[in-house]
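Heads up, the thing below is written out as structure tokens.
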Protein chains: 2
Amino acid sequence: MDFRAVALPIGKLMILIATFMLVPAAVDIAAGNPDWRVFSTSAVVIGCFGALTTAALSGREYAFRRREAFFFVNAAWLAFTLAGAIPLYGSSIEISFAGAFFEAASGLTTTGSTVLTGLDQMPPGILLWRSLLQWIGGIGIVVIGIWLLPGLRVGGSQLFALESSEKANKPYGRIEPFVARLMILYGGLTVSCTLLYMVCGMTFFQAINHAMTTVSTGGYSTSDSSFGQFQGTAVFWVAIVFMMLSALPFLSLIRFAEGKSIDDKQQIQALFIIVFIASFLVFLSERWMDDDPPFHLYTIAVFNVVSVITTTGYAAKDYLLSGNFVIAIFFLITFLGGCSGSTAGGFKMFRVVILISFVRSLLRRMVMPHRIQPARYSGKPVSNQVLEGILVFSILYAGTFAIFAAIYACMGMSPDTALSASITALANVGPGVGEIIGPSGTFQSVPEAAKWLLAIQMILGRLEIIGALLLVTPDFWMET
Amino acid sequence: MDFRAVALPIGKLMILIATFMLVPAAVDIAAGNPDWRVFSTSAVVIGCFGALTTAALSGREYAFRRREAFFFVNAAWLAFTLAGAIPLYGSSIEISFAGAFFEAASGLTTTGSTVLTGLDQMPPGILLWRSLLQWIGGIGIVVIGIWLLPGLRVGGSQLFALESSEKANKPYGRIEPFVARLMILYGGLTVSCTLLYMVCGMTFFQAINHAMTTVSTGGYSTSDSSFGQFQGTAVFWVAIVFMMLSALPFLSLIRFAEGKSIDDKQQIQALFIIVFIASFLVFLSERWMDDDPPFHLYTIAVFNVVSVITTTGYAAKDYLLSGNFVIAIFFLITFLGGCSGSTAGGFKMFRVVILISFVRSLLRRMVMPHRIQPARYSGKPVSNQVLEGILVFSILYAGTFAIFAAIYACMGMSPDTALSASITALANVGPGVGEIIGPSGTFQSVPEAAKWLLAIQMILGRLEIIGALLLVTPDFWMET
Ligand SMILES: [K+]
Ligand SMILES: [K+]
């Protein structure tokens, strides 16, 4: 392991995050809020730290192999989260360090669970910083998801591996040709979403914040009532469209914009089918209990389903008041998540599709042992390596969910709160089920130790578990 | 599909179960209880039905291929459960047909969940019939588990396939050489257990009933307080030893008794290791809250852990009063189950062992892509077919658990009761978690529809899901 190969890019990233801190600093100066000092001091300290690291290590080429890549993503998440937590901890809001770390981790992983209340009265710098953390996290996740995880063959994602570079010491493909187009796509989505939100009646500040947390499928809001503060149906449909776009594979969006054919259609289809069925079921059971106009009910049903399945986590209305059937639907779709290579988290649609195909092919083989049909994805047979990766991911996803839920239960959460907290953190959705952590609640009252564990679980979810778990296996540290 | 090939053995089995009905009839005559009429009438009707079917179909040889075998195990479970439910429904106890079907299914699958209260005042015929259902079910499961499921390659169990016969139309191995030895083992365990229970102070009736429900890991009792009615520690250790023996692979027990070497050691080791760790953890947390003598506490801790992990489900003391940590341990071990080829249900130890080995080998391969080490079991590499079977089983086990839990929640159960009901039925354990279905409760108050679903889930668990699920796939019914 060459730690210098890891420290150098982290130094550069620290300069980047320090630069971003100047934005809330400027806004707080304009608003006359004293927090600007905290943001600018943090920017200077973290910026200097990053610049020194970069200066000390640059000029030479370090081997950045599989081991370094795994260590890098973990170290980068930790460094980013710590850097993001510092201004929150130092600011005028009352928050413990565990709370600040939780809030920053929840932001950068685009989970969107919060420990804060009174958002409506909060200084604009803090609100903007939370949205910025999600926005930075969102594009970071896209890059990790289309470049690093497939290269490292995490959880079957090598199915979407980029074309490999010629250099032998880089296992992953070349991201360089895509960087500019990804930035244009992400920026374009953010700007369009901001403008459309303004057309639907949001203020500029509301629009830019919600646009950043929509396209990152993050879900932070500028109000305790989240999307419940907005009237009408248009603003919800804008959010629905941009949440769905942000949960689609970004490389496919680029290919589509360039008029090329899309080859991983099947996960997109699966996402739309599940959204359609789930929101219709929710609509039906709401219609049965509620006298609102049907189209408004349907809008809110689609909004809530899309918000959960794209792992955004905005709340329009507390869907948990609609009975056990609706709660069960929301609990189940919390596991699923969006498409790979998007800003969404969760189990991911391509895994759902391939698992179903795998189970079907094996059941068929049991009846007709001589007809062997492998699992397929978008018409092509899936290799054994991809399949094994997906299966290991499934086991670890279920195991991580169960073990953390058990720990939360031991810490005194009720069983349903514990289960829901575990999956909402692991799938990076945000709100859970139950009074405390449901769409109307916050994570403020959970024990400090649970906040640390939830933050770790969010990062585990983002690195698709295996990307983080490897670091604690003895094999990883064994020199070969 | 040749339905005659299925109807013939079912006819024979109906004669068998009719014969067994004469035992409670005789006991009720001796006790002067009017239920003897119900038992003897049921015996005559079901016996005639079986005899007619057998007479009509015997004398010819029918093709009993994979398809017929799958259909047979399902039809046999259903026929047995219906036959077992009839005398319960007709008897002097107040019970709905859904309740009687649930009770019979719970008996034959050796689940041991009950809808009955007031067991202590119940006529002896009913109590004996419940125990007999479990005892018959227990040996039935052993035969299915070592002969039919491996032959049908259900869930990776082909790892333990018997030597195959020469006839090409029988996919499964030869059970005939083992039948006599299995009967002797099962009978011997039952007799020894009965005698030792009597030595520890049980009456003959208590001893024979509890012995039958111990060696079948069934868990029905003759008292509402289950094992809570017994004093001292000796009786608990007798139960612990016989529950553990009944959760070990019966073929290995036979090999051991014959002085031969045992080749599937690893699942036995895993069972003992988990029992040891879990019961020590339970002991520690009980010790912290309870002033009882340590050895007594330890005895009860081991008893409860063994009772749950062997899927017996006796209750000594309501372990759910001991706090969330203990509840979490019991909830987690409810999933696991005993060894394959035993009377125990659940996920099974060999799958746990192979899954751990598989995950470890894949994590290792991610760091060192050129060192390929397959998953191993008891020192031998596991074939891809076995591994795939285990993975499909895992997915279906988790999926069945989640879907049924969601349905129970929609029927109005609280989330923790729903989750616990789903896994305790699927793993054939018996008692769940929570006030209603916990060790001190019964399933009496759950909705009638939930009773049917729970009964189906118990049978699904017993046929290792795939054995039953195949019947509802279109491929199964397609002629080839
Ligand atoms: K989120
Ligand atoms: K049982």
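Ordering of the structure tokens sets the chain letters (A, B, ...); residue numbers start at 1 within each chain; ligands are numbered from 1 in the order shown.
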Legend entry - Contact residues (chain B, partner chain A, 9 Å, only C-alpha atoms) as a ChimeraX atom specification: /B:66-67,152-154,323-329,331-332,355,358-360,362-364,366-368,388-389,391-392,394-396,398,402-403,405-407,409-416,466,469-470,473,475-476,480
Legend entry - Residue contacts of range 282-288 of chain A (10 Å, only C-alpha atoms) excluding same-chain residues fewer than 3 positions away, as JSON, numbers by chain: {"A": [277, 278, 279, 291, 292, 293, 294, 295, 296, 297, 298, 299, 300, 301, 302, 304, 305, 319, 321, 322, 323, 325, 326, 327, 329, 330]}
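Proximity ranking of A:Leu16, A:Ile262, A:Met198, A:Met243 relative to ligand 1 places A:Met243 first, based on only C-alpha atoms and all ligand atoms.
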Legend entry - Selection within 8 Å of ligand 2 by only C-alpha atoms and all ligand atoms, output as number ranges by chain: B: 109-113, 217-220, 308, 310-314, 344-345, 428-431
Inset, instruction - Could you pull out the residues in range 299-467 of chain A that DSSP calls strand (DSSP E) from the backbone, as a VMD selection string? - result: chain A and resid 376 to 377 380 to 381
Inset, instruction - Give me, please, the distance in Å between CA of Ile184 in chain B and CA of Ala211 in chain B, quoted to one decimal. - result: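 CA of Ala211 in chain B lies 15.2 Å from CA of Ile184 in chain B.
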Legend entry - helix (DSSP H, G or I) per DSSP on the backbone: members of range 16-175 of chain A, as number ranges by chain: A: 16-31, 36-57, 66-90, 97-108, 119-121, 124-151, 157-160
Near range 440-449 of chain B, within 9 Å and counting only C-alpha atoms, which residues show up once chain neighbours fewer than 2 positions away are dropped, as a PDB file with N, CA and C atoms, in the first residue's frame?
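That gives us selection10.pdb:
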```pdb
ATOM      1  N   SER B  96     -62.295 -23.470  15.000  1.00  0.00           N
ATOM      2  CA  SER B  96     -62.785 -23.255  13.639  1.00  0.00           C
ATOM      3  C   SER B  96     -62.037 -24.183  12.693  1.00  0.00           C
ATOM      4  N   ALA B  98     -60.325 -23.268  10.075  1.00  0.00           N
ATOM      5  CA  ALA B  98     -59.014 -22.643   9.861  1.00  0.00           C
ATOM      6  C   ALA B  98     -58.094 -22.977  11.025  1.00  0.00           C
ATOM      7  N   GLY B  99     -58.639 -22.924  12.247  1.00  0.00           N
ATOM      8  CA  GLY B  99     -57.850 -23.237  13.437  1.00  0.00           C
ATOM      9  C   GLY B  99     -57.374 -24.680  13.423  1.00  0.00           C
ATOM     10  N   SER B 113     -46.576 -24.093  16.720  1.00  0.00           N
ATOM     11  CA  SER B 113     -47.428 -22.962  17.086  1.00  0.00           C
ATOM     12  C   SER B 113     -48.823 -23.521  17.365  1.00  0.00           C
ATOM     13  N   THR B 114     -49.532 -22.928  18.305  1.00  0.00           N
ATOM     14  CA  THR B 114     -50.835 -23.483  18.631  1.00  0.00           C
ATOM     15  C   THR B 114     -51.895 -22.401  18.695  1.00  0.00           C
ATOM     16  N   VAL B 115     -53.149 -22.802  18.430  1.00  0.00           N
ATOM     17  CA  VAL B 115     -54.268 -21.879  18.608  1.00  0.00           C
ATOM     18  C   VAL B 115     -55.062 -22.264  19.851  1.00  0.00           C
ATOM     19  N   LEU B 116     -54.582 -23.295  20.574  1.00  0.00           N
ATOM     20  CA  LEU B 116     -55.343 -23.809  21.709  1.00  0.00           C
ATOM     21  C   LEU B 116     -54.829 -23.260  23.034  1.00  0.00           C
ATOM     22  N   THR B 117     -55.750 -22.967  23.937  1.00  0.00           N
ATOM     23  CA  THR B 117     -55.381 -22.696  25.331  1.00  0.00           C
ATOM     24  C   THR B 117     -56.132 -23.690  26.209  1.00  0.00           C
ATOM     25  N   ASP B 224     -50.191 -25.403  29.060  1.00  0.00           N
ATOM     26  CA  ASP B 224     -50.032 -24.048  28.534  1.00  0.00           C
ATOM     27  C   ASP B 224     -48.686 -23.454  28.924  1.00  0.00           C
ATOM     28  N   SER B 225     -48.140 -23.924  30.063  1.00  0.00           N
ATOM     29  CA  SER B 225     -46.877 -23.340  30.505  1.00  0.00           C
ATOM     30  C   SER B 225     -45.679 -24.084  29.922  1.00  0.00           C
ATOM     31  N   ALA B 315     -41.015 -23.461  25.567  1.00  0.00           N
ATOM     32  CA  ALA B 315     -40.731 -22.251  26.340  1.00  0.00           C
ATOM     33  C   ALA B 315     -40.489 -22.640  27.784  1.00  0.00           C
ATOM     34  N   LYS B 317     -39.337 -20.097  30.076  1.00  0.00           N
ATOM     35  CA  LYS B 317     -39.528 -18.880  30.825  1.00  0.00           C
ATOM     36  C   LYS B 317     -39.629 -17.854  29.724  1.00  0.00           C
ATOM     37  N   ASP B 318     -40.429 -16.850  29.904  1.00  0.00           N
ATOM     38  CA  ASP B 318     -40.584 -15.906  28.791  1.00  0.00           C
ATOM     39  C   ASP B 318     -39.315 -15.086  28.626  1.00  0.00           C
ATOM     40  N   MET B 411     -52.657  -7.117   7.529  1.00  0.00           N
ATOM     41  CA  MET B 411     -53.824  -7.684   8.200  1.00  0.00           C
ATOM     42  C   MET B 411     -53.989  -7.117   9.601  1.00  0.00           C
ATOM     43  N   GLY B 412     -53.104  -6.208   9.972  1.00  0.00           N
ATOM     44  CA  GLY B 412     -53.292  -5.530  11.240  1.00  0.00           C
ATOM     45  C   GLY B 412     -52.341  -5.932  12.358  1.00  0.00           C
ATOM     46  N   MET B 413     -51.412  -6.881  12.085  1.00  0.00           N
ATOM     47  CA  MET B 413     -50.422  -7.187  13.125  1.00  0.00           C
ATOM     48  C   MET B 413     -49.450  -6.020  13.239  1.00  0.00           C
ATOM     49  N   PRO B 431     -42.942 -20.571  18.573  1.00  0.00           N
ATOM     50  CA  PRO B 431     -43.279 -19.296  19.196  1.00  0.00           C
ATOM     51  C   PRO B 431     -42.539 -18.137  18.525  1.00  0.00           C
ATOM     52  N   GLY B 432     -43.115 -16.936  18.637  1.00  0.00           N
ATOM     53  CA  GLY B 432     -42.490 -15.761  18.064  1.00  0.00           C
ATOM     54  C   GLY B 432     -42.086 -14.783  19.141  1.00  0.00           C
ATOM     55  N   GLY B 434     -43.102 -10.944  20.933  1.00  0.00           N
ATOM     56  CA  GLY B 434     -44.235 -10.048  21.122  1.00  0.00           C
ATOM     57  C   GLY B 434     -45.288 -10.684  22.021  1.00  0.00           C
ATOM     58  N   GLU B 435     -46.214  -9.875  22.496  1.00  0.00           N
ATOM     59  CA  GLU B 435     -47.185 -10.342  23.476  1.00  0.00           C
ATOM     60  C   GLU B 435     -48.079 -11.448  22.947  1.00  0.00           C
ATOM     61  N   ILE B 436     -48.559 -11.274  21.682  1.00  0.00           N
ATOM     62  CA  ILE B 436     -49.582 -12.185  21.177  1.00  0.00           C
ATOM     63  C   ILE B 436     -49.010 -13.557  20.858  1.00  0.00           C
ATOM     64  N   ILE B 437     -47.947 -13.580  20.048  1.00  0.00           N
ATOM     65  CA  ILE B 437     -47.451 -14.863  19.554  1.00  0.00           C
ATOM     66  C   ILE B 437     -46.163 -15.282  20.246  1.00  0.00           C
ATOM     67  N   GLY B 438     -45.739 -14.567  21.291  1.00  0.00           N
ATOM     68  CA  GLY B 438     -44.528 -14.921  22.036  1.00  0.00           C
ATOM     69  C   GLY B 438     -44.700 -16.232  22.784  1.00  0.00           C
ATOM     70  N   LYS B 451     -54.241 -17.351   9.661  1.00  0.00           N
ATOM     71  CA  LYS B 451     -53.991 -18.745  10.055  1.00  0.00           C
ATOM     72  C   LYS B 451     -53.744 -19.618   8.824  1.00  0.00           C
ATOM     73  N   TRP B 452     -54.559 -19.430   7.775  1.00  0.00           N
ATOM     74  CA  TRP B 452     -54.329 -20.181   6.533  1.00  0.00           C
ATOM     75  C   TRP B 452     -52.956 -19.868   5.963  1.00  0.00           C
ATOM     76  N   LEU B 453     -52.625 -18.582   5.914  1.00  0.00           N
ATOM     77  CA  LEU B 453     -51.336 -18.198   5.326  1.00  0.00           C
ATOM     78  C   LEU B 453     -50.174 -18.744   6.144  1.00  0.00           C
ATOM     79  N   LEU B 454     -50.303 -18.697   7.471  1.00  0.00           N
ATOM     80  CA  LEU B 454     -49.228 -19.220   8.319  1.00  0.00           C
ATOM     81  C   LEU B 454     -49.059 -20.719   8.084  1.00  0.00           C
TER      82      LEU B 454
END
```
